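Here's the structure we're looking at; comments come further down.
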Amino acid sequence: QVQLVESGGGLVQTGGSLRLDCAASGRNSNTYAMGWFRQAPGKEREFVARITWGTRMRYYAASVQGRFTISRDDNAGNTVHLQMNSLKPGDTAVYFCALTYRPSGRIVAFTSPNEYDYWGQGTQVTVSS
């Protein structure tokens, strides 16, 4: 049974920083990608960032490009981090970590929630103005 646990959310002022962590347990082989999504009240879940496991290719949503950085922890199995800088009120949402063991058939790979097999419970990020 694969489980993902996120941590690091909280309340921060505009312009501040937070780091989210996600640790996956239960299976540490054949990972294709891990990613971060977020969901604000009344809105659909949206892609934030992802990293492919073998090639370490990173891809970001336009709204966070240049402010957020996704990274993987080579010393801790399936673990990813999301460093969020220059936070804005529009970044307020529940952030979810996701993992997939399947290859992508999309041109822009691993940016759709449907491509992921496992999800964390989510962590709240609130940015005050």
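Ordered as shown in the structure tokens, chains take letters A, B, and onward, while each chain numbers its residues from 1 and ligands are numbered from 1 in the order shown.
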Legend entry - 9 Å contact set for range 116-121 of chain A, only C-alpha atoms, chain neighbours under 6 positions out, as a list in words: Val2, Gln3, Leu4, Val5, Glu6, Cys22, Ala24, Ala33, Met34, Gly35, Tyr95, Phe96, Cys97, Ala98, Leu99, Thr100, Tyr101, Arg102 and Phe110 of chain A
Inset, instruction - Please provide the set of residues having any atom within 10 Å of range 54-56 of chain A, restricted to only C-alpha atoms, with same-chain residues fewer than 2 positions apart removed, written as a list in words. - result: Asn30, Thr31, Tyr32, Ala33, Arg50, Ile51, Thr52, Arg58, Tyr59, Ser71 and Arg72 of chain A
Could you save the residues just selected, with N, CA, C and O atoms, as a PDB file, in the first residue's frame?
ATOM      1  N   ASN A  30      10.493   2.092  -9.601  1.00  0.00           N
ATOM      2  CA  ASN A  30       9.729   2.308 -10.843  1.00  0.00           C
ATOM      3  C   ASN A  30       8.808   3.519 -10.800  1.00  0.00           C
ATOM      4  O   ASN A  30       7.763   3.532 -11.439  1.00  0.00           O
ATOM      5  N   THR A  31       9.199   4.512 -10.028  1.00  0.00           N
ATOM      6  CA  THR A  31       8.443   5.762 -10.032  1.00  0.00           C
ATOM      7  C   THR A  31       8.695   6.503 -11.337  1.00  0.00           C
ATOM      8  O   THR A  31       9.847   6.626 -11.771  1.00  0.00           O
ATOM      9  N   TYR A  32       7.636   7.011 -11.962  1.00  0.00           N
ATOM     10  CA  TYR A  32       7.804   7.793 -13.178  1.00  0.00           C
ATOM     11  C   TYR A  32       7.873   9.287 -12.872  1.00  0.00           C
ATOM     12  O   TYR A  32       8.640  10.022 -13.481  1.00  0.00           O
ATOM     13  N   ALA A  33       7.036   9.732 -11.957  1.00  0.00           N
ATOM     14  CA  ALA A  33       7.017  11.152 -11.640  1.00  0.00           C
ATOM     15  C   ALA A  33       6.303  11.394 -10.318  1.00  0.00           C
ATOM     16  O   ALA A  33       5.492  10.585  -9.872  1.00  0.00           O
ATOM     17  N   ARG A  50       5.899  19.446 -11.386  1.00  0.00           N
ATOM     18  CA  ARG A  50       6.208  18.026 -11.324  1.00  0.00           C
ATOM     19  C   ARG A  50       7.677  17.805 -11.671  1.00  0.00           C
ATOM     20  O   ARG A  50       8.321  18.620 -12.305  1.00  0.00           O
ATOM     21  N   ILE A  51       8.168  16.639 -11.236  1.00  0.00           N
ATOM     22  CA  ILE A  51       9.524  16.233 -11.567  1.00  0.00           C
ATOM     23  C   ILE A  51       9.478  14.774 -11.976  1.00  0.00           C
ATOM     24  O   ILE A  51       8.842  13.941 -11.315  1.00  0.00           O
ATOM     25  N   THR A  52      10.116  14.460 -13.103  1.00  0.00           N
ATOM     26  CA  THR A  52      10.194  13.069 -13.540  1.00  0.00           C
ATOM     27  C   THR A  52      11.344  12.386 -12.817  1.00  0.00           C
ATOM     28  O   THR A  52      12.361  13.018 -12.492  1.00  0.00           O
ATOM     29  N   ARG A  58      11.897  18.977 -14.795  1.00  0.00           N
ATOM     30  CA  ARG A  58      10.940  19.761 -14.027  1.00  0.00           C
ATOM     31  C   ARG A  58      10.034  20.547 -14.969  1.00  0.00           C
ATOM     32  O   ARG A  58      10.472  21.000 -16.030  1.00  0.00           O
ATOM     33  N   TYR A  59       8.801  20.723 -14.531  1.00  0.00           N
ATOM     34  CA  TYR A  59       7.853  21.521 -15.308  1.00  0.00           C
ATOM     35  C   TYR A  59       6.931  22.221 -14.335  1.00  0.00           C
ATOM     36  O   TYR A  59       6.531  21.651 -13.327  1.00  0.00           O
ATOM     37  N   SER A  71      11.867  19.747  -6.112  1.00  0.00           N
ATOM     38  CA  SER A  71      13.099  18.978  -6.072  1.00  0.00           C
ATOM     39  C   SER A  71      12.818  17.621  -5.449  1.00  0.00           C
ATOM     40  O   SER A  71      11.809  17.437  -4.758  1.00  0.00           O
ATOM     41  N   ARG A  72      13.719  16.682  -5.709  1.00  0.00           N
ATOM     42  CA  ARG A  72      13.595  15.367  -5.117  1.00  0.00           C
ATOM     43  C   ARG A  72      14.764  15.125  -4.181  1.00  0.00           C
ATOM     44  O   ARG A  72      15.849  15.672  -4.377  1.00  0.00           O
TER      45      ARG A  72
END
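Of the residues in chain A, those given helix (DSSP H, G or I) by DSSP on the backbone are Pro89, Gly90, Asp91, Pro113, Asn114 and Glu115 of chain A.
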Inset, instruction - Using only C-alpha atoms, determine which residues lie at most 10 Å from Ser17 in chain A, disregarding the query and same-chain residues fewer than 6 positions distant; provide the list as a list of chain:residue names. - result: A:Leu11, A:Arg67, A:Phe68, A:Gln83, A:Met84, A:Asn85, A:Ser86, A:Leu87, A:Lys88, A:Val127
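Picture a line from CA of Glu44 in chain A to CA of Ala61 in chain A; it runs 14.6 Å.
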Inset, instruction - Identify, on the basis of only C-alpha atoms, every residue whose closest approach to Gln13 in chain A does not exceed 7 Å; exclude the query and any residue fewer than 2 positions from it along the same chain; express the result as a list in words. - result: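 Counting only C-alpha atoms, the residues come to Gly15, Gly16, Val127, Ser128 and Ser129 of chain A.
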Inset, instruction - Write down as a PyMOL selection string the residues of chain A whose backbone DSSP state falls under strand (DSSP E). - result: chain A and resi 3-7+10-13+18-25+33-39+46-52+58-60+68-72+79-84+93-100+118-119+123-128
Legend entry - Which residue of A:Phe47, A:Ala23, A:Asp73, A:Ser7 approaches Asn114 in chain A most closely, using only C-alpha atoms: A:Phe47
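Using only C-alpha atoms, the nearest neighbour of Thr111 in chain A within the list A:Thr14, A:Tyr60, A:Asp21, A:Asp74 is A:Tyr60.
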Inset, instruction - Enter the distance from CA of Ala109 in chain A to CA of Pro89 in chain A, in Å, rounded to one decimal. - result: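 About the pair CA of Ala109 in chain A and CA of Pro89 in chain A: they are 27.9 Å apart.
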